[in-house]
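Novice: Handing you this structure, nothing more for now.
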6 protein chains.
Amino acid sequence: VGFSGADLANLVNEAAILAARRGKTTITADEFGESIDRVIAGPQRKSRIISPREKEITAFHEAGHALVGHLLPDADPVTKISIVSRGQMGGYTRFAPEEERTLATKKQLIAQLAVALGGRSAEEVQFSQITTGASNDLEQATSIARAMVTQLGMSEKLGPRTFGKREEMVFLGREFAEQKDYSNEVAEQIDDEIHSLIDEAHSVARRLLAANKAKLTQIARYLMEYESVEEQALEQLLSSPTPDIPLPVPAD
Amino acid sequence: VGFSGADLANLVNEAAILAARRGKTTITADEFGESIDRVIAGPQRKSRIISPREKEITAFHEAGHALVGHLLPDADPVTKISIVSRGQMGGYTRFAPEEERTLATKKQLIAQLAVALGGRSAEEVQFSQITTGASNDLEQATSIARAMVTQLGMSEKLGPRTFGKREEMVFLGREFAEQKDYSNEVAEQIDDEIHSLIDEAHSVARRLLAANKAKLTQIARYLMEYESVEEQALEQLLSSPTPDIPLPVPAD
Amino acid sequence: VGFSGADLANLVNEAAILAARRGKTTITADEFGESIDRVIAGPQRKSRIISPREKEITAFHEAGHALVGHLLPDADPVTKISIVSRGQMGGYTRFAPEEERTLATKKQLIAQLAVALGGRSAEEVQFSQITTGASNDLEQATSIARAMVTQLGMSEKLGPRTFGKREEMVFLGREFAEQKDYSNEVAEQIDDEIHSLIDEAHSVARRLLAANKAKLTQIARYLMEYESVEEQALEQLLSSPTPDIPLPVPAD
Amino acid sequence: VGFSGADLANLVNEAAILAARRGKTTITADEFGESIDRVIAGPQRKSRIISPREKEITAFHEAGHALVGHLLPDADPVTKISIVSRGQMGGYTRFAPEEERTLATKKQLIAQLAVALGGRSAEEVQFSQITTGASNDLEQATSIARAMVTQLGMSEKLGPRTFGKREEMVFLGREFAEQKDYSNEVAEQIDDEIHSLIDEAHSVARRLLAANKAKLTQIARYLMEYESVEEQALEQLLSSPTPDIPLPVPAD
Amino acid sequence: VGFSGADLANLVNEAAILAARRGKTTITADEFGESIDRVIAGPQRKSRIISPREKEITAFHEAGHALVGHLLPDADPVTKISIVSRGQMGGYTRFAPEEERTLATKKQLIAQLAVALGGRSAEEVQFSQITTGASNDLEQATSIARAMVTQLGMSEKLGPRTFGKREEMVFLGREFAEQKDYSNEVAEQIDDEIHSLIDEAHSVARRLLAANKAKLTQIARYLMEYESVEEQALEQLLSSPTPDIPLPVPAD
Amino acid sequence: VGFSGADLANLVNEAAILAARRGKTTITADEFGESIDRVIAGPQRKSRIISPREKEITAFHEAGHALVGHLLPDADPVTKISIVSRGQMGGYTRFAPEEERTLATKKQLIAQLAVALGGRSAEEVQFSQITTGASNDLEQATSIARAMVTQLGMSEKLGPRTFGKREEMVFLGREFAEQKDYSNEVAEQIDDEIHSLIDEAHSVARRLLAANKAKLTQIARYLMEYESVEEQALEQLLSSPTPDIPLPVPAD
């Protein structure tokens with residue numbers, strides 16, 4: 001979330017290439033928008049045919065991320081939702097921090113957890129069934145919760161210290177292993193704290209979506225119709241009173 | 001299950017080579033069918049002599065996979081059964097998803113578990129004896145169940161998070177190790193959940209096959225006679241009322 | 001057990017070399033028999049002098065393997081016994097599966113366990129003393145029992161799944177490690193199941209040999225006299241009523 | 001803390017380079033001050049824009065380190081505070097030992113722990129909220145507490161011995177792993193002792209800052225105004241009676 | 001124990017070199033005896049000065065090995081005792097198996113354990129004090145006891161199986177690690193069994209030496225006088241009735 | 001402790017180089033003394049300025065080592081004490097074994113433990129405060145106690161065996177890891193035994209120094225005055241009745 005200087009340079013480069021391909025001599029907002037999407041989620045896969053059922057699931061999944069993000073005051077504002085598949089992802093929701101931020105509060109991280117679990121929660125609320133589509137979300141949520149407990153001192157029980165020593169293997173050019181420098185009892189406490197954080201965030205996401213199911217459905221239907229939404233349309237979609245529309249029949 | 005673009009390119013290539021070997025100037029359905037089998041199970045081993053007893057066991061084993069797949073609504077439809085040995089495998093059953101699918105629901109994964117254990121279950125139901133022939137099936141079932149619990153957040157007890165950090169060793173060009181980033185207590189819970197999933201699926205497969213033993217025998221006898229079956233013949237075989245045929249004497 | 005195509009090619013090659021050394025222009029059954037022995041147990045070590053005591057222990061040890069194999073219906077038939085030392089081995093017993101087999105039943109594996117422990121059991125029954133000579137047998141038995149429990153799903157308690165993930169280290173060109181992907185509690189259950197399988201097989205082998213001690217002695221004495229036995233002589237030796245011969249005095 | 005001979009050589013070198021860049025032929029105190037900052041915290045990042053909210057949090061964070069250091073008699077004297085971001089750090093506080101020191105007493109290490117946790121404690125006292133900004137402090141505190149227990153024999157319960165064997169991997173050119181040469185029970189005791197040390201230091205830091213909240217606010221406001229403070233201004237700021245100033249409204 | 005063909009070739013070579021150095025044209029028994037010693041314990045260290053106290057401890061230590069070996073019927077016969085230091089060793093006792101042996105019985109291994117602990121036991125019996133001189137003996141005894149339990153199936157409790165998988169690292173050209181393929185509970189049982197074997201052997205060695213203290217002293221005094229003893233002199237020394245000699249005053 | 005032949009050759013070489021630098025044509029006792037110091041503790045660091053407080057702590061620390069060594073009959077005699085810093089060390093105490101020794105008794109190792117902890121104990125007795133200066137001593141004491149328990153069979157509870165298998169990594173040219181070949185329960189027992197040995201030695205050292213505090217102070221004051229002492233002066237200092245001198249005021 002947020003772009004580094006290197007990311008921005010990359011974006012400009014991508015946009016310039018796109019403009020050149022399109023025979024343009026200047027880069028327009030179109031190329032920038034497209035290149036932002038590419039950097040986050042990989043190039044569009046136009047050729048892939050998605051079944052109506054998967055489209056519906058994806059629409060509710062992304063609507064779940066976006067709606068939880070919109071409803072939680074400590075979450076970053078939603079700037080785009082798309083169910084056009086890119087790279088490995090069936091869809092994505094983009095968030096923009098209001099200011100260039102280098103610090104995050106504990107409340108903001110807890111909100112990020114709920115947003116990450118918003119897609120899975122939407123599947124539960126809408127279909128009473130879950131899919132394999134949330135695995136990246138789960139990995140991200142676990143990684144945030146683990147960092148809160150083991151690197152950021154945000155567990156009252158475990159206190160303001162760090163756990164585990166990260167090792168980089170120089171000859172591999174990347175992180176290789178995290179050395180367990182604590183007892184199995186502390187490992188259990190860490191597991192319990194991560195479980196609590198995930199559990200609470202999951203519960204928040206489900207409650208928010210269940211209480212706003214009509215809005216969730218509205219966003220998902222919009223996505224099934226238009227595939228992506230951003231800026232004013234998004235603003236209006238999230239904030240408008242839920243219209244009196246017939247709900248789609250659950251897919252499962 | 002399902003073919004990627006690269007798989008398809010590979011298939012076409014294989015089929016073209018087969019056609020060329022046979023002196024044909026166009027690729028026909030024969031070459032495509034053969035190359036699909038090759039990609040899934042390796043080239044036919046014509047030279048290998050199989051004993052009647054092993055042939056019978058293999059026939060019941062594959063009939064078990066196919067019948068469980070046919071009977072479970074959440075499993076993919078069966079498209080071919082063969083007991084012609086290819087590569088390391090004594091036989092195989094091919095499934096085709098109805099649509100190009102990138103998401104699988106929890107129910108579909110549970111059905112896959114039962115299908116994977118259908119071969120072993122058929123051995124139990126028919127011969128009251130088990131063989132070494134199911135080891136790949138067991139590995140596949142374990143791998144699915146483990147992923148459900150540790151990567152896909154499909155265990156209610158363990159919650160929507162991931163467990164273990166996969167490491168790739170760059171200089172080996174492949175995955176090397178999965179780092180255990182949890183306590184022994186969580187490892188126990190993971191073991192229990194995998195055990196439950198496998199146990200339940202095994203039980204489903206056995207009950208289905210015991211309740212449909214006449215059909216199981218009919219399919220196995222067909223395979224012992226014709227070695228493979230697909231398309232309409234398969235459709236008819238699976239759906240027809242069980243004929244009043246004398247059952248073969250159990251081999252053991 | 002059983003020979004792959006590569007093994008057969010190797011055998012023919014070995015036999016041709018032997019024939020050439022002996023100035024023959026055709027390969028006879030002699031050369032084939034010799035080359036089969038070489039592939040299984042390495043070239044004869046004529047020079048090594050074996051003490052009468054070790055010869056006696058080896059004779060009973062091999063007679064134990066052979067007799068347990070002969071008495072268990074699920075074991076492969078015995079085709080040769082030899083106490084001529086080859087390579088590292090003091091002697092060996094050769095088994096031939098009746099048909100080219102790629103599947104083994106649980107009963108056959110259990111019989112293999114008893115046969116593997118037949119040598120050690122013969123030492124116990126005859127000498128009430130054990131030696132270091134059984135270490136390869138114990139390793140083989142452990143390896144079979146472990147595979148039954150962890151790879152072949154043959155433990156009712158642990159169920160139809162696999163345990164442990166085998167890793168190959170590409171740069172070593174061989175298997176390096178088996179990753180423990182389960183809790184210590186499952187490790188205990190695996191240990192218990194392996195223990196039960198080994199214990200039961202050991203008990204079977206000892207009971208069979210104690211109940212057939214006269215036959216065991218007859219085979220051992222034959223081996224001490226003639227050093228090896230195969231085909232009809234072996235058939236007759238195993239099946240004949242035990243002659244009324246004076247037993248040798250126990251060595252220990 | 002404190003500079004080695006090599007550090008000093010490095011400082012002089014840095015200062016000489018700075019002077020040369022500025023067209024000076026002699027190195028002045030300016031260049032020395034700047035190069036001391038560089039060696040501790042990396043070159044200034046002028047381009048980075050910091051939000052007012054982050055600036056306020058950083059100011060209180062650094063004021064927390066400095067004030068705890070000033071109030072604890074066993075801590076080194078504070079020589080500079082800055083919230084100008086350098087390298088990865090949002091700000092820093094510099095301490096100078098009174099004499100070139102090679103020994104540290106247990107009391108001094110305990111004071112270092114409280115100073116390291118002073119930043120996090122200030123966030124708690126001022127904002128009743130914590131951020132990700134303390135992760136380096138937590139790592140440092142953990143590392144000191146661990147060394148006290150495992151390398152310096154400063155835990156009465158565990159006694160005057162060392163735990164763990166550090167290994168250097170020559171081919172990596174750096175420390176790779178610390179071998180656990182003790183039981184899980186000792187690992188638990190080590191965890192408990194580290195927890196106690198951290199907990200006590202955290203409690204000391206919070207109590208000191210809560211009792212001196214007006215002074216904490218005064219320093220933070222000064223930093224928000226002037227960004228850094230050293231020498232006499234710092235001396236005066238820390239020692240002066242707290243002025244009767246209106247406190248800023250908490251940011252959260 | 002016992003020499004392989006390669007060992008013998010090596011011995012002859014060593015003896016030939018010694019003879020050549022001494023200007024002889026034939027190899028005599030002197031050269032052979034010397035080269036046997038060299039192969040077992042390295043070249044004599046004439047230059048090293050040994051204190052009278054260390055000489056006495058070494059004499060009793062070696063006398064302990066020899067006397068336990070002489071008194072236990074399952075131990076190999078003693079063929080030489082020497083306290084002339086060679087290589088790293090302060091002294092050594094040589095045993096020769098009566099026949100070229102490739103099998104060892106459990107009783108013989110138990111006797112080897114007692115012999116290995118005979119040196120340490122002699123220190124205890126004679127000086128009521130122990131030294132660092134027994135470390136190689138302890139390593140050897142542990143290694144034998146561990147092999148009995150984990151590789152040779154000689155523990156009744158653990159049964160006729162093997163434990164642990166030895167790994168060779170090809171690129172190191174040597175064994176690197178033994179993989180623990182069992183639970184901590186089995187590890188405990190292995191520890192207990194090794195402890196029992198060692199404990200029992202230690203107890204046997206101590207009781208034998210305490211009951212034959214006069215003979216132990218006689219051998220040790222002989223060694224302090226003559227430094228080494230073999231063949232008839234050794235035979236006579238071990239078997240003769242203990243002479244009525246004044247015992248040396250204990251060194252400690 | 002004690003010098004090997006290689007050490008002696010090294011010493012002579014060092015002394016020759018020193019003599020050459022000083023323009024001498026023969027090596028005198030001066031060069032030998034200086035080169036002995038260099039081999040033990042590295043070249044003198046004349047340039048380093050030590051604070052009076054650190055000098056006092058170091059003087060008491062070294063006096064502690066020396067006085068414990070002097071008072072324990074099983075410890076080696078003290079031959080020199082110095083607080084001139086060399087290499088990493090603030091000071092050192094030199095011990096000389098009375099004879100060239102290759103065996104050490106358990107009593108001597110226990111005395112070595114107390115001597116190693118004598119420095120830390122002196123800090124406790126004199127200043128009721130401890131410093132980081134003892135870390136090498138603690139590492140040495142731990143290493144001796146561990147070897148007594150795991151390599152030298154000197155724990156009655158664990159018996160005359162070894163624990164752990166040392167591995168050398170050939171491609172690293174050094175020892176890399178000690179393989180834990182025992183259960184966690186044995187690891188606990190090892191920890192307990194090491195703790196007991198260290199605890200007892202610490203207690204001995206503290207009691208000796210507390211009972212001889214006047215002598216401890218006398219030695220420390222001598223060192224603060226003259227920086228090093230050896231031979232007759234040392235003999236006299238250690239053995240003389242404690243003079244009636246005013247004690248220095250404690251530094252802390």
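FYI, nothing fancy with the structure tokens labels: chains A, B, ... in order, residues from 1 per chain, ligands from 1 as they appear.
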Would you mind listing, for every residue of chain C within 6 Å of chain B, the two atoms forming the shortest contact and the distance between them in Å to one decimal, using only C-alpha atoms, sorted by chain and ascending residue number, as a tab-separated table?
Specialist:
residue	atom	partner	partner_atom	distance
C:Leu103	CA	B:Thr132	CA	5.6
C:Ala104	CA	B:Thr131	CA	5.3
C:Thr105	CA	B:Thr131	CA	4.0
C:Lys106	CA	B:Thr131	CA	5.7
C:Leu152	CA	B:Ser135	CA	5.2
C:Arg161	CA	B:Leu138	CA	4.8
C:Thr162	CA	B:Glu139	CA	5.5
C:Ser183	CA	B:Ala187	CA	4.9
Novice: Could you write out the selected residues, including C-alpha atoms, as a PDB file, in the first residue's frame?
Specialist:
ATOM      1  CA  LEU C 103       1.071 -54.721  -6.577  1.00  0.00           C
ATOM      2  CA  ALA C 104       1.600 -56.232  -3.138  1.00  0.00           C
ATOM      3  CA  THR C 105      -1.217 -56.879  -0.695  1.00  0.00           C
ATOM      4  CA  LYS C 106      -1.013 -55.976   2.976  1.00  0.00           C
ATOM      5  CA  LEU C 152       0.767 -47.085   2.022  1.00  0.00           C
ATOM      6  CA  ARG C 161      -3.055 -40.994   4.241  1.00  0.00           C
ATOM      7  CA  THR C 162       0.661 -40.381   3.925  1.00  0.00           C
ATOM      8  CA  SER C 183       3.276 -33.364  15.350  1.00  0.00           C
TER       9      SER C 183
END
Novice: Find the spatial neighbours of A:Ala201, counting only C-alpha atoms, within a cut-off of 7 Å - ignore same-chain residues fewer than 2 positions away - and output them as JSON, numbers by chain.
Specialist: {"A": [110, 113, 114, 197, 198, 199, 203, 204, 205]}
Novice: Calculate how many Å separate atom CA of F:Ala66 from atom CA of D:Gln151, rounding to one decimal.
Specialist: 23.0 Å
Novice: Give me the residues near F:Asp74 as a short mmCIF file (atom, residue, chain, number, x, y, z; two decimals) with all heavy atoms, in the first residue's frame, where near means some atom within 6 Å (using only C-alpha atoms) and where sequence neighbours in that chain fewer than 2 positions away do not count.
Specialist:
data_model
loop_
_atom_site.label_atom_id
_atom_site.label_comp_id
_atom_site.auth_asym_id
_atom_site.auth_seq_id
_atom_site.Cartn_x
_atom_site.Cartn_y
_atom_site.Cartn_z
N LEU F 72 42.70 -22.69 46.22
CA LEU F 72 42.23 -24.05 45.95
C LEU F 72 43.41 -24.98 45.68
O LEU F 72 44.16 -24.76 44.72
CB LEU F 72 41.28 -24.06 44.76
CG LEU F 72 39.86 -23.53 45.01
CD1 LEU F 72 39.09 -23.49 43.70
CD2 LEU F 72 39.13 -24.39 46.04
N GLN F 108 40.44 -31.39 39.68
CA GLN F 108 41.13 -30.27 39.05
C GLN F 108 40.19 -29.47 38.15
O GLN F 108 40.25 -28.24 38.10
CB GLN F 108 42.33 -30.79 38.23
CG GLN F 108 43.50 -31.20 39.12
CD GLN F 108 44.57 -31.99 38.39
OE1 GLN F 108 44.28 -32.62 37.37
NE2 GLN F 108 45.77 -32.00 38.91
N ALA F 111 38.08 -27.32 40.28
CA ALA F 111 38.84 -26.15 40.71
C ALA F 111 38.93 -25.13 39.58
O ALA F 111 38.81 -23.91 39.81
CB ALA F 111 40.24 -26.58 41.17
#
Novice: Please return as a PyMOL selection string: the residues of stretch 64-117 of chain B that backbone DSSP assigns to alpha helix (DSSP H).
Specialist: chain B and resi 64-71+106-116
Novice: Would you kindly return, as a ChimeraX atom specification, each protein, DNA or RNA residue with an atom no farther than 7 Å from any atom of B:Glu31, considering only C-alpha atoms and excluding same-chain residues fewer than 6 positions away?
Specialist: /B:15,18-19
Novice: Hey, what's within 12 Å of B:Gln232 if we count only C-alpha atoms and toss same-chain stuff fewer than 4 positions away? As a ChimeraX atom specification, please?
Specialist: /B:78-80,236-240
Novice: Apply DSSP to the structure's backbone, then extract all residues of stretch 85-130 of chain B labelled strand (DSSP E) and return them as a PyMOL selection string.
Specialist: chain B and resi 92-95
Novice: Would you please work out which residue, of F:Lys55, F:Lys165, F:Lys157, F:Arg207, is nearest to F:Asp181 when using only C-alpha atoms?
Specialist: F:Lys165
Novice: Between atom CA of B:Gly69 and atom CA of B:Val115, what is the distance in Å, rounded to a tenth?
Specialist: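 Interatomic distance here is 5.4 Å.
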Novice: Which polymer residues have any atom within 12 Å of an atom of F:Pro241, counting only C-alpha atoms, with same-chain residues fewer than 6 positions away left out, as a list in words?
Specialist: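 Selected residues are Asn212, Ala214, Lys215, Leu216, Gln218, Ile219 and Glu235 of chain F.
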Novice: When you draw a straight line from atom CA of B:Pro73 to atom CA of B:Ala96, how long is it in Å?
Specialist: 13.6 Å
